[in-house]
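Structure file input.cif with mmCIF, C-alpha atoms:
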data_input
loop_
_atom_site.group_PDB
_atom_site.id
_atom_site.type_symbol
_atom_site.label_atom_id
_atom_site.label_comp_id
_atom_site.auth_asym_id
_atom_site.auth_seq_id
_atom_site.Cartn_x
_atom_site.Cartn_y
_atom_site.Cartn_z
ATOM 1 C CA MET S 16 -40.903 43.908 -34.861
ATOM 2 C CA PRO S 17 -38.733 45.006 -31.930
ATOM 3 C CA THR S 18 -37.585 42.265 -29.602
ATOM 4 C CA PRO S 19 -38.660 42.298 -25.945
ATOM 5 C CA GLN S 20 -35.113 43.404 -25.084
ATOM 6 C CA GLU S 21 -35.303 46.343 -27.531
ATOM 7 C CA ILE S 22 -38.668 47.362 -26.098
ATOM 8 C CA ALA S 23 -37.202 47.199 -22.588
ATOM 9 C CA GLU S 24 -34.216 49.296 -23.722
ATOM 10 C CA LEU S 25 -36.524 51.954 -25.194
ATOM 11 C CA LYS S 26 -38.618 52.041 -22.017
ATOM 12 C CA ALA S 27 -35.472 52.347 -19.887
ATOM 13 C CA LEU S 28 -34.235 55.196 -22.101
ATOM 14 C CA ASP S 29 -37.625 56.882 -21.762
ATOM 15 C CA LYS S 30 -37.400 56.707 -17.953
ATOM 16 C CA GLU S 31 -33.796 57.950 -18.031
ATOM 17 C CA ILE S 32 -34.764 60.921 -20.220
ATOM 18 C CA GLU S 33 -37.674 61.758 -17.917
ATOM 19 C CA LYS S 34 -35.499 61.599 -14.787
ATOM 20 C CA GLU S 35 -32.734 63.700 -16.348
ATOM 21 C CA SER S 36 -35.317 66.144 -17.706
ATOM 22 C CA LEU S 37 -36.770 66.803 -14.280
ATOM 23 C CA ARG S 38 -33.330 67.227 -12.741
ATOM 24 C CA ARG S 39 -32.200 69.712 -15.390
ATOM 25 C CA LEU S 40 -35.453 71.658 -15.458
ATOM 26 C CA ARG S 41 -35.394 72.096 -11.687
ATOM 27 C CA ALA S 42 -31.822 73.382 -11.859
ATOM 28 C CA ASN S 43 -32.375 75.747 -14.817
ATOM 29 C CA ARG S 44 -35.610 77.685 -14.608
ATOM 30 C CA ASN S 45 -35.412 79.920 -17.664
ATOM 31 C CA ILE S 46 -37.177 79.786 -21.020
ATOM 32 C CA ASP S 47 -34.016 79.581 -23.134
ATOM 33 C CA PHE S 48 -32.887 76.490 -21.280
ATOM 34 C CA VAL S 49 -36.359 74.943 -21.441
ATOM 35 C CA LEU S 50 -36.512 75.390 -25.223
ATOM 36 C CA GLN S 51 -33.001 74.046 -25.702
ATOM 37 C CA PHE S 52 -33.697 71.112 -23.436
ATOM 38 C CA ALA S 53 -36.922 70.233 -25.263
ATOM 39 C CA GLY S 54 -34.822 69.943 -28.422
ATOM 40 C CA TYR S 55 -32.311 67.744 -26.609
ATOM 41 C CA ALA S 56 -35.014 65.389 -25.310
ATOM 42 C CA GLN S 57 -36.620 65.148 -28.750
ATOM 43 C CA ALA S 58 -33.228 64.387 -30.310
ATOM 44 C CA GLU S 59 -32.705 61.587 -27.763
ATOM 45 C CA VAL S 60 -35.982 59.976 -28.844
ATOM 46 C CA ASP S 61 -34.886 60.264 -32.489
ATOM 47 C CA ARG S 62 -31.511 58.672 -31.657
ATOM 48 C CA ALA S 63 -33.248 55.763 -29.918
ATOM 49 C CA ARG S 64 -35.454 55.200 -32.972
ATOM 50 C CA ASP S 65 -32.434 55.390 -35.283
ATOM 51 C CA ALA S 66 -30.621 52.797 -33.149
ATOM 52 C CA VAL S 67 -33.555 50.409 -33.563
ATOM 53 C CA VAL S 68 -33.546 51.013 -37.336
ATOM 54 C CA ARG S 69 -29.805 50.235 -37.483
ATOM 55 C CA LYS S 70 -30.609 46.874 -35.900
ATOM 56 C CA GLY S 71 -32.783 46.073 -38.903
ATOM 57 C CA VAL S 72 -36.247 47.043 -37.690
ATOM 58 C CA HIS S 73 -38.268 48.597 -40.520
ATOM 59 C CA PHE S 74 -40.856 51.277 -39.745
ATOM 60 C CA ASP S 75 -43.648 51.818 -42.262
ATOM 61 C CA CYS S 76 -43.939 55.501 -41.389
ATOM 62 C CA LYS S 77 -43.076 57.986 -44.118
ATOM 63 C CA LYS S 78 -44.206 61.333 -45.474
ATOM 64 C CA GLY S 79 -47.733 60.984 -46.791
ATOM 65 C CA CYS S 80 -48.810 58.420 -44.207
ATOM 66 C CA SER S 81 -50.831 60.358 -41.672
ATOM 67 C CA TRP S 82 -52.777 57.572 -39.996
ATOM 68 C CA CYS S 83 -51.478 58.330 -36.480
ATOM 69 C CA CYS S 84 -51.917 62.064 -37.083
ATOM 70 C CA ARG S 85 -55.593 61.475 -37.867
ATOM 71 C CA SER S 86 -56.351 58.769 -35.342
ATOM 72 C CA PHE S 87 -54.712 59.392 -31.989
ATOM 73 C CA ARG S 88 -54.915 62.125 -29.441
ATOM 74 C CA ILE S 89 -51.404 63.516 -29.131
ATOM 75 C CA ASP S 90 -50.396 65.467 -26.083
ATOM 76 C CA ALA S 91 -47.456 67.836 -25.897
ATOM 77 C CA LEU S 92 -45.389 68.907 -22.933
ATOM 78 C CA PRO S 93 -45.362 72.637 -22.099
ATOM 79 C CA GLN S 94 -41.742 73.006 -23.217
ATOM 80 C CA GLU S 95 -42.640 71.380 -26.546
ATOM 81 C CA ILE S 96 -45.513 73.828 -27.035
ATOM 82 C CA PHE S 97 -43.158 76.751 -26.367
ATOM 83 C CA ARG S 98 -40.716 75.291 -28.898
ATOM 84 C CA ILE S 99 -43.460 74.914 -31.520
ATOM 85 C CA ALA S 100 -44.648 78.488 -30.866
ATOM 86 C CA ARG S 101 -41.104 79.819 -31.273
ATOM 87 C CA GLU S 102 -40.805 78.042 -34.638
ATOM 88 C CA LEU S 103 -44.191 79.329 -35.826
ATOM 89 C CA ARG S 104 -43.279 82.860 -34.722
ATOM 90 C CA ARG S 105 -39.987 82.566 -36.624
ATOM 91 C CA ARG S 106 -41.944 81.607 -39.771
ATOM 92 C CA GLY S 107 -44.479 84.413 -39.256
ATOM 93 C CA GLU S 108 -47.307 81.887 -38.887
ATOM 94 C CA LEU S 109 -48.139 82.216 -35.195
ATOM 95 C CA THR S 110 -51.284 84.382 -35.523
ATOM 96 C CA SER S 111 -52.886 82.260 -38.247
ATOM 97 C CA ILE S 112 -52.088 79.062 -36.349
ATOM 98 C CA LEU S 113 -53.580 80.464 -33.120
ATOM 99 C CA ASN S 114 -56.882 81.045 -34.946
ATOM 100 C CA LEU S 115 -56.783 77.504 -36.324
ATOM 101 C CA LEU S 116 -55.955 76.048 -32.892
ATOM 102 C CA SER S 117 -58.837 77.924 -31.289
ATOM 103 C CA ALA S 118 -61.313 76.246 -33.644
ATOM 104 C CA TYR S 119 -59.520 72.915 -33.287
ATOM 105 C CA SER S 120 -59.658 73.001 -29.481
ATOM 106 C CA GLU S 121 -63.453 72.945 -29.571
ATOM 107 C CA ARG S 122 -63.402 69.724 -31.632
ATOM 108 C CA ALA S 123 -60.598 68.239 -29.523
ATOM 109 C CA LYS S 124 -62.641 68.629 -26.339
ATOM 110 C CA GLN S 125 -64.975 65.965 -27.721
ATOM 111 C CA ALA S 126 -62.134 63.464 -28.178
ATOM 112 C CA THR S 127 -61.745 60.463 -25.945
ATOM 113 C CA SER S 128 -58.593 60.059 -23.912
ATOM 114 C CA PHE S 129 -56.887 57.912 -26.566
ATOM 115 C CA ARG S 130 -58.781 58.188 -29.873
ATOM 116 C CA ARG S 131 -59.683 61.471 -31.432
ATOM 117 C CA ASP S 132 -60.660 60.843 -35.078
ATOM 118 C CA THR S 133 -59.767 64.460 -35.884
ATOM 119 C CA ALA S 134 -56.685 65.322 -37.886
ATOM 120 C CA CYS S 135 -53.877 67.109 -36.086
ATOM 121 C CA PRO S 136 -54.091 70.841 -36.825
ATOM 122 C CA PHE S 137 -50.457 70.784 -37.965
ATOM 123 C CA LEU S 138 -51.165 68.145 -40.636
ATOM 124 C CA ILE S 139 -51.115 69.819 -44.055
ATOM 125 C CA ASP S 140 -51.442 67.762 -47.253
ATOM 126 C CA ASP S 141 -50.768 64.568 -45.246
ATOM 127 C CA ALA S 142 -47.446 65.927 -43.974
ATOM 128 C CA CYS S 143 -46.450 67.362 -40.612
ATOM 129 C CA SER S 144 -45.941 71.110 -40.954
ATOM 130 C CA ILE S 145 -43.919 71.188 -37.706
ATOM 131 C CA TYR S 146 -41.950 67.983 -38.289
ATOM 132 C CA ALA S 147 -38.616 69.332 -37.024
ATOM 133 C CA VAL S 148 -40.174 70.448 -33.721
ATOM 134 C CA ARG S 149 -42.958 67.861 -33.386
ATOM 135 C CA PRO S 150 -43.625 66.612 -29.834
ATOM 136 C CA MET S 151 -41.937 63.520 -28.436
ATOM 137 C CA MET S 152 -45.262 61.691 -28.442
ATOM 138 C CA CYS S 153 -45.411 62.099 -32.223
ATOM 139 C CA ARG S 154 -41.809 60.924 -32.518
ATOM 140 C CA LYS S 155 -42.747 57.752 -30.650
ATOM 141 C CA CYS S 156 -45.649 56.843 -32.969
ATOM 142 C CA ASN S 157 -44.159 54.261 -35.293
ATOM 143 C CA SER S 158 -45.833 51.602 -37.398
ATOM 144 C CA LEU S 159 -43.994 48.333 -37.900
#
How would this structure read if it were set down as structure tokens?
Amino acid sequence: MPTPQEIAELKALDKEIEKESLRRLRANRNIDFVLQFAGYAQAEVDRARDAVVRKGVHFDCKKGCSWCCRSFRIDALPQEIFRIARELRRRGELTSILNLLSAYSERAKQATSFRRDTACPFLIDDACSIYAVRPMMCRKCNSL
């Protein structure tokens, strides 16, 4: 379990990333920068998690555990959605995923603000099919 100090450090890092994100996005208004910056912000979240792990905190999350992916409503920032779309286009999966997302959006509209009880559309065989480009919110879901 993270200590109160570690939790405070993660929250401070989150605020720092948000502040720096806004500054950089205002200064660089082009899609290439936005996509690159989304990757940077996601990597910062991963580095913060790795730092906590190095301090001895054990997370129960692993491939095959999809509890969060089935239980919580996960939101994505616009730049994260563009990054996911670019990856799906690169794989040649964009059209099929758009059809899936259209059907999924109808079910998602019924979800409450926090719980959704509908599996993420990117969850395939209990594994994230967009793991490398998953949103920051997904990166922050960790079970201790």
* Explicit residue set for the PyMOL selection byres ((chain S and resi 75-78) around 10), as an NGL selection string -> :S and (72-74 or 79-83 or 140-143 or 156-159)
Selected by the PyMOL selection byres ((chain S and resi 102-110) around 12) in the shown coordinates: which residues, as a short mmCIF file (atom, residue, chain, number, x, y, z; two decimals) with C-alpha atoms, in the coordinates of the input?
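Written output follows (out26.cif):
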data_model
loop_
_atom_site.label_atom_id
_atom_site.label_comp_id
_atom_site.auth_asym_id
_atom_site.auth_seq_id
_atom_site.Cartn_x
_atom_site.Cartn_y
_atom_site.Cartn_z
CA LEU S 50 -36.51 75.39 -25.22
CA GLY S 54 -34.82 69.94 -28.42
CA GLU S 95 -42.64 71.38 -26.55
CA ILE S 96 -45.51 73.83 -27.04
CA PHE S 97 -43.16 76.75 -26.37
CA ARG S 98 -40.72 75.29 -28.90
CA ILE S 99 -43.46 74.91 -31.52
CA ALA S 100 -44.65 78.49 -30.87
CA ARG S 101 -41.10 79.82 -31.27
CA SER S 111 -52.89 82.26 -38.25
CA ILE S 112 -52.09 79.06 -36.35
CA LEU S 113 -53.58 80.46 -33.12
CA ASN S 114 -56.88 81.04 -34.95
CA LEU S 115 -56.78 77.50 -36.32
CA LEU S 116 -55.96 76.05 -32.89
CA SER S 117 -58.84 77.92 -31.29
CA PHE S 137 -50.46 70.78 -37.97
CA SER S 144 -45.94 71.11 -40.95
CA ILE S 145 -43.92 71.19 -37.71
CA TYR S 146 -41.95 67.98 -38.29
CA ALA S 147 -38.62 69.33 -37.02
CA VAL S 148 -40.17 70.45 -33.72
CA ARG S 149 -42.96 67.86 -33.39
#
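Those residues that approach Val49 of chain S to within 10 Å, counting all atoms listed in the file, are Ser36, Arg39, Leu40, Asn43, Arg44, Asn45, Ile46, Phe52, Ala53, Gly54, Tyr55, Pro93, Gln94, Glu95, Phe97 and Arg98 of chain S; same-chain residues fewer than 3 positions away are not listed.
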Can I get the selected residues back with C-alpha atoms, as a PDB file, in the frame of the given file?
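Saved as selection08.pdb:
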ATOM      1  CA  SER S  36     -35.317  66.144 -17.706  1.00  0.00           C
ATOM      2  CA  ARG S  39     -32.200  69.712 -15.390  1.00  0.00           C
ATOM      3  CA  LEU S  40     -35.453  71.658 -15.458  1.00  0.00           C
ATOM      4  CA  ASN S  43     -32.375  75.747 -14.817  1.00  0.00           C
ATOM      5  CA  ARG S  44     -35.610  77.685 -14.608  1.00  0.00           C
ATOM      6  CA  ASN S  45     -35.412  79.920 -17.664  1.00  0.00           C
ATOM      7  CA  ILE S  46     -37.177  79.786 -21.020  1.00  0.00           C
ATOM      8  CA  PHE S  52     -33.697  71.112 -23.436  1.00  0.00           C
ATOM      9  CA  ALA S  53     -36.922  70.233 -25.263  1.00  0.00           C
ATOM     10  CA  GLY S  54     -34.822  69.943 -28.422  1.00  0.00           C
ATOM     11  CA  TYR S  55     -32.311  67.744 -26.609  1.00  0.00           C
ATOM     12  CA  PRO S  93     -45.362  72.637 -22.099  1.00  0.00           C
ATOM     13  CA  GLN S  94     -41.742  73.006 -23.217  1.00  0.00           C
ATOM     14  CA  GLU S  95     -42.640  71.380 -26.546  1.00  0.00           C
ATOM     15  CA  PHE S  97     -43.158  76.751 -26.367  1.00  0.00           C
ATOM     16  CA  ARG S  98     -40.716  75.291 -28.898  1.00  0.00           C
TER      17      ARG S  98
END
8 Å per side around segment 143-151 of chain S: axis-aligned box centre and edge lengths, as AutoDock Vina command-line options:
--center_x -42.5 --center_y 67.4 --center_z -34.7 --size_x 23.8 --size_y 23.7 --size_z 28.5
* **Contacts of Leu28 of chain S within 10 Å, all atoms listed in the file, excl. fewer than 5 positions in-chain, as an NGL selection string** => :S and (22-23 or 33-34 or 59-60 or 63)
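Take atom CA of Met152 of chain S and atom CA of Leu92 of chain S: the distance between them is 9.1 Å.
For the choices S:Ser120, S:Gln57, S:Thr133, S:Thr18, the atom-to-atom distance to Arg88 of chain S is smallest for S:Thr133 when using all atoms listed in the file.
Straight-line separation from atom CA of Ser86 of chain S to atom CA of Glu31 of chain S: 28.4 Å.
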* Asked: How far is it from atom CA of Lys155 of chain S to atom CA of Glu35 of chain S, in Å with one decimal?
  -> 18.4 Å
* Give the answer as one residue: which of S:Asp29, S:Asp90, S:Glu21, S:Asp47 has the shortest atom-to-atom distance to Gly71 of chain S, using all atoms listed in the file? => S:Glu21
